[in-house]
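Q: My structure is in work-v3.txt, and what it holds is compact mmCIF, C-alpha atoms:
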```
# COMPACT_ATOMS: atom_id res chain seq x y z
CA MET A 1 74.63 80.93 88.61
CA MET A 2 78.23 81.59 87.53
CA LYS A 3 81.09 80.19 89.61
CA TYR A 4 84.58 81.73 89.86
CA ILE A 5 87.47 79.54 90.97
CA PHE A 6 90.75 80.82 92.44
CA LYS A 7 93.88 78.96 93.49
CA LEU A 8 95.62 80.64 96.41
CA ASP A 9 99.32 81.40 95.88
CA LYS A 10 100.31 81.73 99.55
CA ASP A 11 99.22 80.89 103.08
CA THR A 12 96.86 83.40 104.69
CA ASN A 13 95.66 83.82 108.27
CA ASN A 14 91.95 83.68 107.44
CA LEU A 15 89.44 83.84 104.60
CA ASN A 16 89.24 87.63 104.60
CA SER A 17 93.04 87.77 104.19
CA ALA A 18 92.75 85.33 101.31
CA PHE A 19 90.24 87.66 99.65
CA ARG A 20 92.60 90.61 100.06
CA GLU A 21 95.45 88.57 98.57
CA LEU A 22 93.25 88.05 95.50
CA GLY A 23 92.52 91.78 95.28
CA LEU A 24 88.98 91.38 96.60
CA SER A 25 87.43 93.82 99.07
CA ASN A 26 86.20 93.30 102.60
CA ALA A 27 82.72 94.26 101.38
CA ALA A 28 82.85 91.48 98.78
CA PHE A 29 84.01 89.02 101.42
CA LYS A 30 81.07 89.86 103.71
CA LYS A 31 78.57 89.87 100.84
CA TYR A 32 79.45 86.36 99.70
CA PHE A 33 80.48 84.79 103.01
CA TYR A 34 77.26 85.59 104.86
CA GLN A 35 75.20 84.11 102.04
CA ASP A 36 77.22 80.85 102.09
CA LEU A 37 78.42 81.46 98.55
CA ILE A 38 82.10 80.69 99.23
CA LYS A 39 83.66 77.24 99.46
CA VAL A 40 87.27 76.36 100.21
CA ASP A 41 88.38 72.98 98.91
CA GLY A 42 84.74 72.05 98.44
CA LYS A 43 83.51 72.96 101.92
CA LEU A 44 81.90 75.98 103.57
CA PRO A 45 84.79 77.63 105.46
CA HIS A 46 85.09 79.10 108.93
CA ALA A 47 85.89 82.79 108.60
CA LYS A 48 88.86 82.68 111.01
CA LYS A 49 90.42 79.44 109.83
CA LYS A 50 93.86 79.63 108.19
CA ILE A 51 93.71 79.16 104.41
CA SER A 52 96.68 77.27 103.03
CA LYS A 53 98.62 77.82 99.83
CA ASN A 54 97.12 75.98 96.82
CA SER A 55 93.66 75.92 98.40
CA ILE A 56 90.83 76.18 95.87
CA ILE A 57 88.38 79.00 96.60
CA GLU A 58 85.03 78.82 94.80
CA ILE A 59 82.64 81.79 94.71
CA ASP A 60 79.10 81.58 93.37
CA ILE A 61 78.43 84.92 91.66
CA ILE A 62 74.97 86.38 92.26
CA ASP A 63 72.99 88.75 90.08
CA GLU A 64 73.03 92.49 90.79
CA GLU A 65 71.11 95.57 89.71
CA MET A 66 72.09 96.41 86.14
CA SER A 67 73.26 99.85 84.97
CA PRO A 68 70.54 101.86 83.19
CA VAL A 69 70.74 102.07 79.40
CA GLY A 70 70.87 105.71 78.30
CA GLU A 71 69.36 107.20 75.19
CA GLY A 72 71.37 106.60 72.02
CA ALA A 73 73.06 103.42 73.29
CA LYS A 74 74.37 101.02 70.68
CA SER A 75 76.47 97.87 70.53
CA PRO A 76 80.18 98.49 71.21
CA LYS A 77 83.08 97.18 69.10
CA LEU A 78 83.85 93.93 70.92
CA LEU A 79 87.48 92.75 70.97
CA TYR A 80 87.34 89.92 73.55
CA GLU A 81 84.98 88.25 76.00
CA ASP A 82 85.17 85.50 78.62
CA ASP A 83 83.28 84.72 81.84
CA TYR A 84 84.99 87.56 83.71
CA ILE A 85 85.51 90.53 81.38
CA ILE A 86 84.77 92.05 78.03
CA ALA A 87 87.22 94.20 76.08
CA ILE A 88 86.04 96.76 73.56
CA ASN A 89 87.62 99.16 71.09
CA LYS A 90 86.49 102.56 72.32
CA PRO A 91 85.94 105.10 69.55
CA ALA A 92 87.32 108.62 69.85
CA ARG A 93 85.08 111.52 70.85
CA LEU A 94 83.13 109.41 73.35
CA LEU A 95 83.34 109.85 77.12
CA THR A 96 83.93 106.65 79.08
CA HIS A 97 81.24 107.59 81.60
CA GLU A 98 79.14 110.54 82.68
CA SER A 99 80.73 113.44 84.56
CA LYS A 100 79.52 116.42 86.57
CA ASN A 101 79.63 118.50 83.39
CA PHE A 102 78.14 115.94 80.99
CA SER A 103 75.17 113.58 81.26
CA GLY A 104 74.62 112.60 77.59
CA HIS A 105 75.51 109.43 75.71
CA THR A 106 78.67 107.70 77.01
CA LEU A 107 80.50 104.42 76.58
CA ARG A 108 78.86 103.22 79.81
CA ASP A 109 75.48 103.35 78.02
CA ASP A 110 76.80 101.17 75.19
CA ILE A 111 78.20 98.59 77.62
CA ALA A 112 74.93 98.60 79.63
CA PHE A 113 73.10 98.01 76.33
CA TYR A 114 75.39 95.05 75.60
CA PHE A 115 74.97 93.63 79.12
CA LYS A 116 71.19 93.88 78.83
CA ASN A 117 71.10 92.11 75.48
CA ARG A 118 73.40 89.34 76.75
CA ASP A 119 71.53 89.06 80.08
CA ILE A 120 74.68 89.92 82.08
CA ARG A 121 72.98 90.95 85.30
CA HIS A 122 75.63 93.27 86.71
CA PRO A 123 76.38 96.99 86.57
CA VAL A 124 79.10 98.32 84.27
CA ARG A 125 82.48 98.37 86.04
CA PHE A 126 85.48 99.75 84.15
CA ILE A 127 88.94 98.33 84.84
CA ASN A 128 90.75 101.04 82.86
CA ARG A 129 89.64 104.34 81.34
CA LEU A 130 90.62 106.49 78.38
CA ASP A 131 90.33 110.21 77.69
CA MET A 132 87.35 111.17 75.52
CA ASP A 133 89.46 111.67 72.38
CA THR A 134 91.68 108.62 72.90
CA SER A 135 90.59 105.42 71.15
CA GLY A 136 91.44 101.81 71.86
CA VAL A 137 91.29 98.99 74.40
CA ILE A 138 89.04 99.33 77.45
CA ILE A 139 88.39 96.44 79.85
CA ILE A 140 85.04 95.99 81.65
CA ALA A 141 84.40 93.53 84.50
CA LYS A 142 81.31 91.34 84.49
CA SER A 143 80.98 91.22 88.29
CA ASP A 144 82.22 92.79 91.51
CA ILE A 145 84.57 89.84 92.07
CA ALA A 146 86.07 90.18 88.58
CA GLN A 147 86.45 93.92 89.13
CA GLY A 148 88.41 93.38 92.35
CA TYR A 149 90.73 90.84 90.77
CA TYR A 150 91.38 92.84 87.60
CA ALA A 151 91.82 96.13 89.45
CA LYS A 152 94.82 94.49 91.11
CA ALA A 153 95.96 92.73 87.91
CA ASN A 154 95.64 96.01 85.97
CA LYS A 155 98.54 97.47 87.96
CA LEU A 156 100.79 94.73 86.55
CA ALA A 157 99.27 94.61 83.05
CA ILE A 158 101.32 95.71 80.05
CA LYS A 159 99.44 98.61 78.42
CA GLU A 160 100.78 99.92 75.13
CA TYR A 161 99.69 102.98 73.16
CA ILE A 162 100.55 104.39 69.74
CA ALA A 163 101.01 108.16 69.33
CA VAL A 164 101.61 110.06 66.09
CA CYS A 165 103.70 113.08 66.98
CA LYS A 166 105.43 116.25 65.95
CA GLY A 167 108.98 115.92 67.18
CA ASN A 168 111.42 113.02 67.13
CA LEU A 169 112.53 110.22 69.42
CA TYR A 170 115.55 108.14 68.44
CA LYS A 171 116.04 105.79 71.38
CA LYS A 172 113.98 104.00 74.01
CA THR A 173 113.38 106.47 76.83
CA LYS A 174 111.84 106.16 80.28
CA VAL A 175 110.18 109.22 81.79
CA ASP A 176 109.66 109.22 85.57
CA ARG A 177 107.97 112.51 86.46
CA ALA A 178 105.09 113.03 88.87
CA ILE A 179 101.81 114.56 87.72
CA GLY A 180 99.48 116.85 89.64
CA ARG A 181 96.34 118.88 89.00
CA ASP A 182 96.60 122.15 87.13
CA GLU A 183 94.71 125.16 88.38
CA LEU A 184 93.03 125.45 84.95
CA GLY A 185 90.09 123.05 84.76
CA ILE A 186 90.76 119.54 83.48
CA LYS A 187 94.44 120.07 82.70
CA ARG A 188 97.26 118.35 84.56
CA LYS A 189 100.87 119.40 85.01
CA LEU A 190 104.25 117.95 85.84
CA ASP A 191 104.55 118.43 89.58
CA GLU A 192 107.18 116.93 91.87
CA ASP A 193 104.58 116.95 94.65
CA GLY A 194 102.03 115.10 92.50
CA LEU A 195 101.38 111.41 91.96
CA SER A 196 104.16 109.15 90.68
CA ALA A 197 103.98 108.62 86.91
CA LYS A 198 106.22 106.44 84.75
CA THR A 199 106.17 105.86 80.98
CA ILE A 200 108.48 103.98 78.61
CA PHE A 201 108.64 105.42 75.08
CA THR A 202 109.95 103.47 72.09
CA PRO A 203 110.49 105.05 68.65
CA ILE A 204 108.72 103.21 65.84
CA TYR A 205 109.38 105.49 62.86
CA ASN A 206 110.77 108.97 62.21
CA LYS A 207 110.33 111.06 59.09
CA GLY A 208 111.32 114.70 58.96
CA ASP A 209 110.08 116.33 62.15
CA HIS A 210 107.32 113.73 62.70
CA SER A 211 107.38 110.37 64.44
CA ILE A 212 105.34 107.35 65.47
CA ILE A 213 106.01 106.42 69.09
CA LYS A 214 104.94 103.48 71.23
CA ALA A 215 104.20 104.30 74.87
CA GLN A 216 104.00 101.75 77.67
CA ILE A 217 102.46 103.20 80.81
CA LEU A 218 103.68 101.82 84.13
CA THR A 219 101.17 103.98 86.03
CA GLY A 220 97.77 105.26 85.00
CA ARG A 221 97.64 109.01 85.56
CA THR A 222 95.34 111.38 83.69
CA HIS A 223 97.03 112.78 80.54
CA GLN A 224 100.23 110.94 81.46
CA ILE A 225 101.46 110.12 77.94
CA ARG A 226 100.72 113.61 76.65
CA LEU A 227 102.58 115.36 79.47
CA HIS A 228 105.54 112.99 79.45
CA LEU A 229 106.00 113.40 75.70
CA MET A 230 105.86 117.18 76.11
CA SER A 231 108.65 116.90 78.68
CA LEU A 232 110.75 115.45 75.82
CA GLY A 233 109.82 118.32 73.50
CA ILE A 234 107.36 116.13 71.58
CA GLU A 235 103.70 116.96 70.90
CA ILE A 236 100.96 114.52 69.93
CA ILE A 237 99.38 115.74 66.69
CA GLY A 238 95.89 117.16 67.24
CA ASP A 239 96.30 117.61 71.00
CA ASN A 240 94.29 120.79 71.43
CA LEU A 241 94.58 120.80 75.22
CA TYR A 242 98.38 120.75 75.51
CA GLY A 243 99.48 121.47 71.97
CA THR A 244 98.00 123.00 68.83
CA PRO A 245 95.03 122.08 66.61
CA SER A 246 95.77 120.18 63.40
CA ASP A 247 94.14 120.27 59.97
CA LEU A 248 95.07 116.59 59.58
CA ILE A 249 93.05 115.11 62.47
CA ASP A 250 90.38 116.52 64.78
CA ARG A 251 91.56 114.84 67.99
CA GLN A 252 94.85 113.82 69.59
CA ALA A 253 96.43 111.00 67.60
CA LEU A 254 96.66 108.63 70.54
CA HIS A 255 95.38 105.04 70.59
CA SER A 256 95.38 102.31 73.26
CA LEU A 257 96.78 99.51 71.11
CA ARG A 258 97.42 96.50 73.32
CA TYR A 259 96.58 95.14 76.78
CA ARG A 260 98.39 92.11 78.20
CA ALA A 261 97.64 90.54 81.58
CA HIS A 262 96.80 87.27 83.32
CA SER A 263 93.17 86.22 83.33
CA LEU A 264 91.33 85.29 86.51
CA ASP A 265 91.62 81.63 85.44
CA GLY A 266 95.39 81.92 84.90
CA LYS A 267 95.39 82.24 81.11
CA LYS A 268 97.46 84.90 79.35
CA LEU A 269 95.41 87.72 77.86
CA ASP A 270 96.75 89.60 74.83
CA ILE A 271 94.10 92.00 73.56
CA TYR A 272 94.77 94.15 70.50
CA ALA A 273 92.69 97.05 69.12
CA PRO A 274 93.37 98.00 65.48
CA LEU A 275 94.07 101.67 64.79
CA GLU A 276 91.11 103.89 64.00
CA GLU A 277 90.74 105.08 60.40
CA ASP A 278 91.51 108.72 61.23
CA ILE A 279 94.90 107.78 62.68
CA LEU A 280 95.62 105.46 59.74
CA ASN A 281 94.82 108.31 57.34
CA LEU A 282 97.12 110.61 59.33
CA ILE A 283 99.95 108.08 59.08
CA ARG A 284 99.38 107.63 55.35
CA GLY A 285 99.42 111.37 54.84
CA ILE A 286 102.66 112.04 56.73
CA PHE A 287 104.74 108.92 56.29
```
Would it be possible to restate this file's structure as C-alpha cells?
A:
Amino acid sequence: MMKYIFKLDKDTNNLNSAFRELGLSNAAFKKYFYQDLIKVDGKLPHAKKKISKNSIIEIDIIDEEMSPVGEGAKSPKLLYEDDYIIAINKPARLLTHESKNFSGHTLRDDIAFYFKNRDIRHPVRFINRLDMDTSGVIIIAKSDIAQGYYAKANKLAIKEYIAVCKGNLYKKTKVDRAIGRDELGIKRKLDEDGLSAKTIFTPIYNKGDHSIIKAQILTGRTHQIRLHLMSLGIEIIGDNLYGTPSDLIDRQALHSLRYRAHSLDGKKLDIYAPLEEDILNLIRGIF
C-alpha cells in the first residue's frame, strides 16, 4: 500500500478543513477517514479536532477500479514519473479522452495500458488537457489524492508553449481577454461575458512575416492561446479552425513545451517535452 505524506502549512479547524487546504475533496476525506487510513502526527485523528500548522498528515492510498484499455492502446512517450504522477509527451492528432462525438482510440487508452502494465491500480485522471492537434506535456495523477493536490497546484504551475506563427511580435505582451463559447460547434470566441483568460507572450524569433512565440498561460481556457494571438493579429501556422490551412504542416504548430510546479512531496518539478518533428521541420523550412 502506498503512503502519501503532507505537511500542513497553516492551522485548520478540523481534519476536513485540512483536506480542503491541501486541495482534497470532502469525498476523499470521507473515503479515507472512515476506513481509518488517515493519521495525523502518527495517530488516528478525531474528525473535529483542530489540526495545527506543521502537523504531518499520512494517507494510506487504496487500490481502485482501473480504466479500461481500449483497442489500439500503446505505450505513451514518458517524460517523468514519481509516486504521484506521470508526465507524457502527447503526440498531435490524438484526443486526450473520448467525447460525445468520438469513441475511438485516445490518449486515455494509452495511459490505461501503461497503468495496467505497471500495476498502477487506479483510473486515469488528467491534471491538464491539450487540444487534439496540440502536442506536448500532459500530467496524469496516479490516485484520487494526487489528483486533488495537483488540480490545485496546476492553477499555480508555470505552463509554457511554443507557437510558430504568421505575424510578428516584438515585445513581451500580456493579453487579458475573456473567452466564451461560440455558437458554431467547438469554436470559442473572445467574449467580455465569458471566462477570464490571461496569457503572456514572449517573442523568440522573427523572420520576415513569421515568428516563433513563447506563450505562458495563466488560465486554462479552451483555445486560449490561439484566440489571444489572433487578437494581436497573429495566426498560428496550420490552425484550420481559426486561421487557414498550410502546406507546411497538417496541424496547428502549437506545442506544450514546459511544465513547472511543486511536487506533492515539496520538490520542484520542471518537465520538458522536446518539439515534435513536424514542428522542427516547419522551423527549419521557414527560419
Q: Of the residues A:Lys207, A:Arg260, A:Arg221, A:Lys268, which is the one nearest to A:Ile139, using all atoms listed in the file?
A: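 Of A:Lys207, A:Arg260, A:Arg221, A:Lys268, the one nearest A:Ile139 is A:Arg260, counting all atoms listed in the file.
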Q: Kindly indicate which residue among A:Arg129, A:Lys39, A:Lys53, A:Arg284 lies nearest to A:Asn154, using all atoms listed in the file for the distances.
A: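 Among the listed residues, the smallest separation from A:Asn154 belongs to A:Arg129.
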Q: So how many Å separate atom CA of A:Val175 and atom CA of A:Ile204, to one decimal?
A: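 Separating atom CA of A:Val175 from atom CA of A:Ile204 is a distance of 17.1 Å.
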Q: Of the residues A:Asn117, A:Pro245, A:Gly167, A:Leu275, which is the one nearest to A:Met230, using only C-alpha atoms?
A: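 With only C-alpha atoms as the atom set, the closest residue is A:Gly167.
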Q: Could you please determine the separation between atom CA of A:Phe201 and atom CA of A:Thr173 in Å, to one decimal place?
A: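 Interatomic distance, atom CA of A:Phe201 to atom CA of A:Thr173: 5.2 Å.
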Q: In Å to one decimal, how far is atom CA of A:Gln216 from atom CA of A:Arg181?
A: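 Distance between the two atoms: 21.9 Å.
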Q: Around (97.9, 86.4, 81.5) in the file's frame, which residues reach within 12 Å when counting all atoms listed in the file? Return as a ChimeraX atom specification?
A: /A:150,153-154,156-158,259-271
Q: For A:Ser55, list every protein, DNA or RNA residue within 7 Å, evaluated using all atoms listed in the file, and leave out those in the same chain fewer than 4 positions away; present the list as a list in words.
A: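 So the residues in contact are Lys7, Leu8, Val40, Asp41 and Ile51 of chain A.
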Q: Neighbouring residues of stretch 18-21 of chain A were defined as those with any atom within 10 Å, considering all atoms listed in the file; residues of the same chain fewer than 2 positions away were excluded. Please report them as a PyMOL selection string.
A: chain A and resi 6+8-16+23-26+28-29+50-53+55+57+145+148-149+152
